[in-house]
file target15.csv (CSV, C-alpha atoms)
chain,number,residue,atom,x,y,z
A,372,MET,CA,0.0,0.0,0.0
A,373,VAL,CA,1.3,3.4,-0.9
A,374,PRO,CA,0.8,6.1,1.8
A,375,ASN,CA,-0.9,9.4,1.1
A,376,ILE,CA,1.5,12.4,1.1
A,377,ALA,CA,-0.1,15.6,2.3
A,378,VAL,CA,1.2,18.8,0.8
A,379,ILE,CA,0.8,22.0,2.8
A,380,LEU,CA,1.6,25.5,1.4
A,381,THR,CA,1.8,28.3,3.9
A,382,ASN,CA,2.7,32.0,3.5
A,383,ALA,CA,5.8,33.4,5.2
A,384,GLU,CA,3.8,33.9,8.4
A,385,LYS,CA,3.2,30.2,8.5
A,386,ARG,CA,-0.6,30.4,7.7
A,387,ILE,CA,-2.1,27.7,5.4
A,388,MET,CA,-2.8,28.9,1.9
A,389,TRP,CA,-3.4,25.6,0.3
A,390,VAL,CA,-3.5,21.8,1.0
A,391,ASN,CA,-3.9,18.9,-1.4
A,392,ASP,CA,-6.5,16.1,-1.2
A,393,ASP,CA,-4.1,13.8,0.6
A,394,PHE,CA,-4.1,16.3,3.5
A,395,ASN,CA,-7.8,15.8,3.8
A,396,GLN,CA,-7.4,12.0,3.7
A,397,ILE,CA,-4.7,12.0,6.4
A,398,THR,CA,-6.1,14.7,8.7
A,399,GLY,CA,-9.8,14.8,8.1
A,400,TYR,CA,-9.6,18.6,7.6
A,401,SER,CA,-10.8,20.2,4.3
A,402,LEU,CA,-9.0,23.0,2.5
A,403,GLU,CA,-11.7,25.4,3.7
A,404,GLU,CA,-11.2,24.4,7.4
A,405,ALA,CA,-7.4,24.6,7.1
A,406,LEU,CA,-7.1,28.0,5.3
A,407,GLY,CA,-5.5,30.7,7.4
A,408,GLN,CA,-4.6,28.2,10.2
A,409,SER,CA,-1.2,27.5,11.6
A,410,PRO,CA,-0.4,23.8,10.9
A,411,GLY,CA,0.9,23.4,14.4
A,412,GLN,CA,-2.2,24.8,16.0
A,413,LEU,CA,-4.4,22.8,13.8
A,414,LEU,CA,-2.7,19.4,14.1
A,415,GLN,CA,-0.7,19.2,17.3
A,416,GLY,CA,-2.1,18.0,20.6
A,417,PRO,CA,-1.4,16.7,24.1
A,418,ALA,CA,1.0,13.9,23.0
A,419,THR,CA,2.9,16.0,20.5
A,420,GLU,CA,6.6,15.9,21.5
A,421,PRO,CA,8.0,19.2,22.8
A,422,ASP,CA,11.4,18.4,21.4
A,423,ALA,CA,9.9,17.9,17.9
A,424,ILE,CA,8.0,21.2,18.2
A,425,GLU,CA,11.3,22.9,19.1
A,426,ASN,CA,13.1,21.2,16.2
A,427,ILE,CA,10.4,22.6,13.8
A,428,ARG,CA,10.6,26.1,15.3
A,429,LYS,CA,14.4,26.1,14.8
A,430,GLY,CA,14.2,24.9,11.2
A,431,LEU,CA,11.6,27.6,10.4
A,432,GLN,CA,13.6,30.3,12.1
A,433,GLN,CA,16.8,29.2,10.2
A,434,LYS,CA,14.9,29.2,6.9
A,435,VAL,CA,16.5,26.0,5.8
A,436,PRO,CA,15.0,22.7,4.6
A,437,PHE,CA,14.6,20.1,7.4
A,438,ARG,CA,12.9,16.9,8.4
A,439,SER,CA,11.0,16.0,11.6
A,440,GLU,CA,8.8,13.4,13.1
A,441,LEU,CA,6.1,14.0,15.6
A,442,THR,CA,2.7,13.0,16.9
A,443,ASN,CA,-0.1,14.9,15.2
A,444,TYR,CA,-3.9,14.6,15.5
A,445,ARG,CA,-6.6,14.0,13.0
A,446,LYS,CA,-9.9,16.1,13.1
A,447,ASN,CA,-11.6,13.2,14.9
A,448,GLY,CA,-9.0,13.3,17.7
A,449,GLU,CA,-7.0,10.3,16.7
A,450,ALA,CA,-3.2,10.6,17.1
A,451,TYR,CA,-0.9,9.6,14.3
A,452,LEU,CA,2.8,9.6,13.7
A,453,CYS,CA,3.7,12.3,11.2
A,454,ARG,CA,6.9,12.3,9.2
A,455,LEU,CA,7.5,15.6,7.5
A,456,VAL,CA,9.9,17.6,5.3
A,457,ILE,CA,9.6,21.4,5.2
A,458,HIS,CA,11.2,23.6,2.7
A,459,PRO,CA,11.3,27.4,2.7
A,460,VAL,CA,10.5,29.1,-0.6
A,461,PHE,CA,12.3,32.3,-1.7
A,462,ASP,CA,11.6,34.8,-4.5
A,463,HIS,CA,14.2,36.0,-6.9
A,464,GLN,CA,15.4,38.6,-4.4
A,465,GLN,CA,15.9,35.8,-1.8
A,466,GLN,CA,13.0,37.0,0.3
A,467,LEU,CA,11.0,34.3,2.1
A,468,THR,CA,7.6,34.0,0.5
A,469,ASN,CA,6.3,30.6,1.6
A,470,TYR,CA,6.9,27.2,3.2
A,471,ILE,CA,6.0,24.0,1.6
A,472,ALA,CA,5.6,20.9,3.7
A,473,PHE,CA,5.3,17.2,2.7
A,474,GLU,CA,3.7,15.0,5.4
A,475,VAL,CA,3.4,11.3,5.4
A,476,ASP,CA,1.3,9.4,8.0
A,477,GLY,CA,4.2,7.5,9.7
A,478,ASN,CA,1.9,4.6,10.6
A,479,PHE,CA,2.2,3.5,6.9
A,480,VAL,CA,6.0,3.9,6.6
A,481,THR,CA,8.2,0.9,7.5

call {"tool": "encode", "arguments": {"input": "target15.csv", "output": "structure tokens"}}
result
Amino acid sequence: MVPNIAVILTNAEKRIMWVNDDFNQITGYSLEEALGQSPGQLLQGPATEPDAIENIRKGLQQKVPFRSELTNYRKNGEAYLCRLVIHPVFDHQQQLTNYIAFEVDGNFVT
């Protein structure tokens, strides 16, 4: 079985601008529900690892591509292991414009 790969596009302020259909399949949230939200506020919960959150914050602050793994939550409250890669996107003047994240439900990855 091939896992779904969620794609999340945010603006430079880390607010969701677009998600693909796999995001809906993994998380249960529609594009309309996700628009304008912070991915962390939308998907993280009580068992989300503080060290993973800090790793993500550092990567975003440093504006470099990075990988992380953490516990996220679906809309129905179910926890799942999330493996993600986040890339900053820059314009031709090297100004940060967006972040693009690729998220795989880690329960499907061996």

call {"tool": "closest_residue", "arguments": {"input": "target15.csv", "among": "A:Glu425, A:Arg445, A:Gln412, A:Pro436", "to": "A:Ile471", "atoms": "only C-alpha atoms"}}
result
A:Pro436

call {"tool": "residues_around", "arguments": {"input": "target15.csv", "residues": "A:Lys434", "least_positions_apart": "2", "cutoff": "6 Å", "atoms": "only C-alpha atoms", "output": "PyMOL selection string"}}
result
chain A and resi 431-432+459

call {"tool": "atom_distance", "arguments": {"input": "target15.csv", "atom1": "atom CA of A:Ser409", "atom2": "atom CA of A:Glu384"}}
result
8.7 Å

call {"tool": "atom_distance", "arguments": {"input": "target15.csv", "atom1": "atom CA of A:Pro421", "atom2": "atom CA of A:Phe473"}}
result
20.4 Å

call {"tool": "axis_aligned_box", "arguments": {"input": "target15.csv", "around": "stretch 405-424 of chain A", "padding_each_side": "4 Å", "output": "AutoDock Vina command-line options"}}
result
--center_x 2.0 --center_y 22.3 --center_z 14.7 --size_x 26.8 --size_y 24.8 --size_z 26.8

call {"tool": "closest_residue", "arguments": {"input": "target15.csv", "among": "A:Val475, A:Leu402, A:Ala383, A:Met372", "to": "A:Phe461", "atoms": "all atoms listed in the file"}}
result
A:Ala383

call {"tool": "atom_distance", "arguments": {"input": "target15.csv", "atom1": "atom CA of A:Asn469", "atom2": "atom CA of A:Glu449"}}
result
28.6 Å

call {"tool": "residues_near_point", "arguments": {"input": "target15.csv", "point": "(-6.0, 16.9, 0.3)", "cutoff": "12 Å", "atoms": "only C-alpha atoms", "output": "PDB file with C-alpha atoms, in the frame of the given file"}}
result
ATOM      1  CA  ASN A 375      -0.900   9.400   1.100  1.00  0.00           C
ATOM      2  CA  ILE A 376       1.500  12.400   1.100  1.00  0.00           C
ATOM      3  CA  ALA A 377      -0.100  15.600   2.300  1.00  0.00           C
ATOM      4  CA  VAL A 378       1.200  18.800   0.800  1.00  0.00           C
ATOM      5  CA  ILE A 379       0.800  22.000   2.800  1.00  0.00           C
ATOM      6  CA  LEU A 380       1.600  25.500   1.400  1.00  0.00           C
ATOM      7  CA  TRP A 389      -3.400  25.600   0.300  1.00  0.00           C
ATOM      8  CA  VAL A 390      -3.500  21.800   1.000  1.00  0.00           C
ATOM      9  CA  ASN A 391      -3.900  18.900  -1.400  1.00  0.00           C
ATOM     10  CA  ASP A 392      -6.500  16.100  -1.200  1.00  0.00           C
ATOM     11  CA  ASP A 393      -4.100  13.800   0.600  1.00  0.00           C
ATOM     12  CA  PHE A 394      -4.100  16.300   3.500  1.00  0.00           C
ATOM     13  CA  ASN A 395      -7.800  15.800   3.800  1.00  0.00           C
ATOM     14  CA  GLN A 396      -7.400  12.000   3.700  1.00  0.00           C
ATOM     15  CA  ILE A 397      -4.700  12.000   6.400  1.00  0.00           C
ATOM     16  CA  THR A 398      -6.100  14.700   8.700  1.00  0.00           C
ATOM     17  CA  GLY A 399      -9.800  14.800   8.100  1.00  0.00           C
ATOM     18  CA  TYR A 400      -9.600  18.600   7.600  1.00  0.00           C
ATOM     19  CA  SER A 401     -10.800  20.200   4.300  1.00  0.00           C
ATOM     20  CA  LEU A 402      -9.000  23.000   2.500  1.00  0.00           C
ATOM     21  CA  GLU A 403     -11.700  25.400   3.700  1.00  0.00           C
ATOM     22  CA  GLU A 404     -11.200  24.400   7.400  1.00  0.00           C
ATOM     23  CA  ALA A 405      -7.400  24.600   7.100  1.00  0.00           C
ATOM     24  CA  PHE A 473       5.300  17.200   2.700  1.00  0.00           C
ATOM     25  CA  GLU A 474       3.700  15.000   5.400  1.00  0.00           C
TER      26      GLU A 474
END

call {"tool": "residues_around", "arguments": {"input": "target15.csv", "residues": "stretch 454-457 of chain A", "least_positions_apart": "3", "cutoff": "9 Å", "atoms": "only C-alpha atoms", "output": "VMD selection string"}}
result
chain A and resid 427 430 to 431 435 to 442 470 to 477 480

call {"tool": "write_last_selection", "arguments": {"input": "target15.csv", "atoms": "C-alpha atoms", "output": "tab-separated table (two decimals), in the frame of the given file"}}
result
chain	number	residue	atom	x	y	z
A	427	ILE	CA	10.40	22.60	13.80
A	430	GLY	CA	14.20	24.90	11.20
A	431	LEU	CA	11.60	27.60	10.40
A	435	VAL	CA	16.50	26.00	5.80
A	436	PRO	CA	15.00	22.70	4.60
A	437	PHE	CA	14.60	20.10	7.40
A	438	ARG	CA	12.90	16.90	8.40
A	439	SER	CA	11.00	16.00	11.60
A	440	GLU	CA	8.80	13.40	13.10
A	441	LEU	CA	6.10	14.00	15.60
A	442	THR	CA	2.70	13.00	16.90
A	470	TYR	CA	6.90	27.20	3.20
A	471	ILE	CA	6.00	24.00	1.60
A	472	ALA	CA	5.60	20.90	3.70
A	473	PHE	CA	5.30	17.20	2.70
A	474	GLU	CA	3.70	15.00	5.40
A	475	VAL	CA	3.40	11.30	5.40
A	476	ASP	CA	1.30	9.40	8.00
A	477	GLY	CA	4.20	7.50	9.70
A	480	VAL	CA	6.00	3.90	6.60

call {"tool": "residues_around", "arguments": {"input": "target15.csv", "residues": "A:Ala418", "least_positions_apart": "2", "cutoff": "12 Å", "atoms": "only C-alpha atoms", "output": "PyMOL selection string"}}
result
chain A and resi 414-416+420-424+441-444+448-452
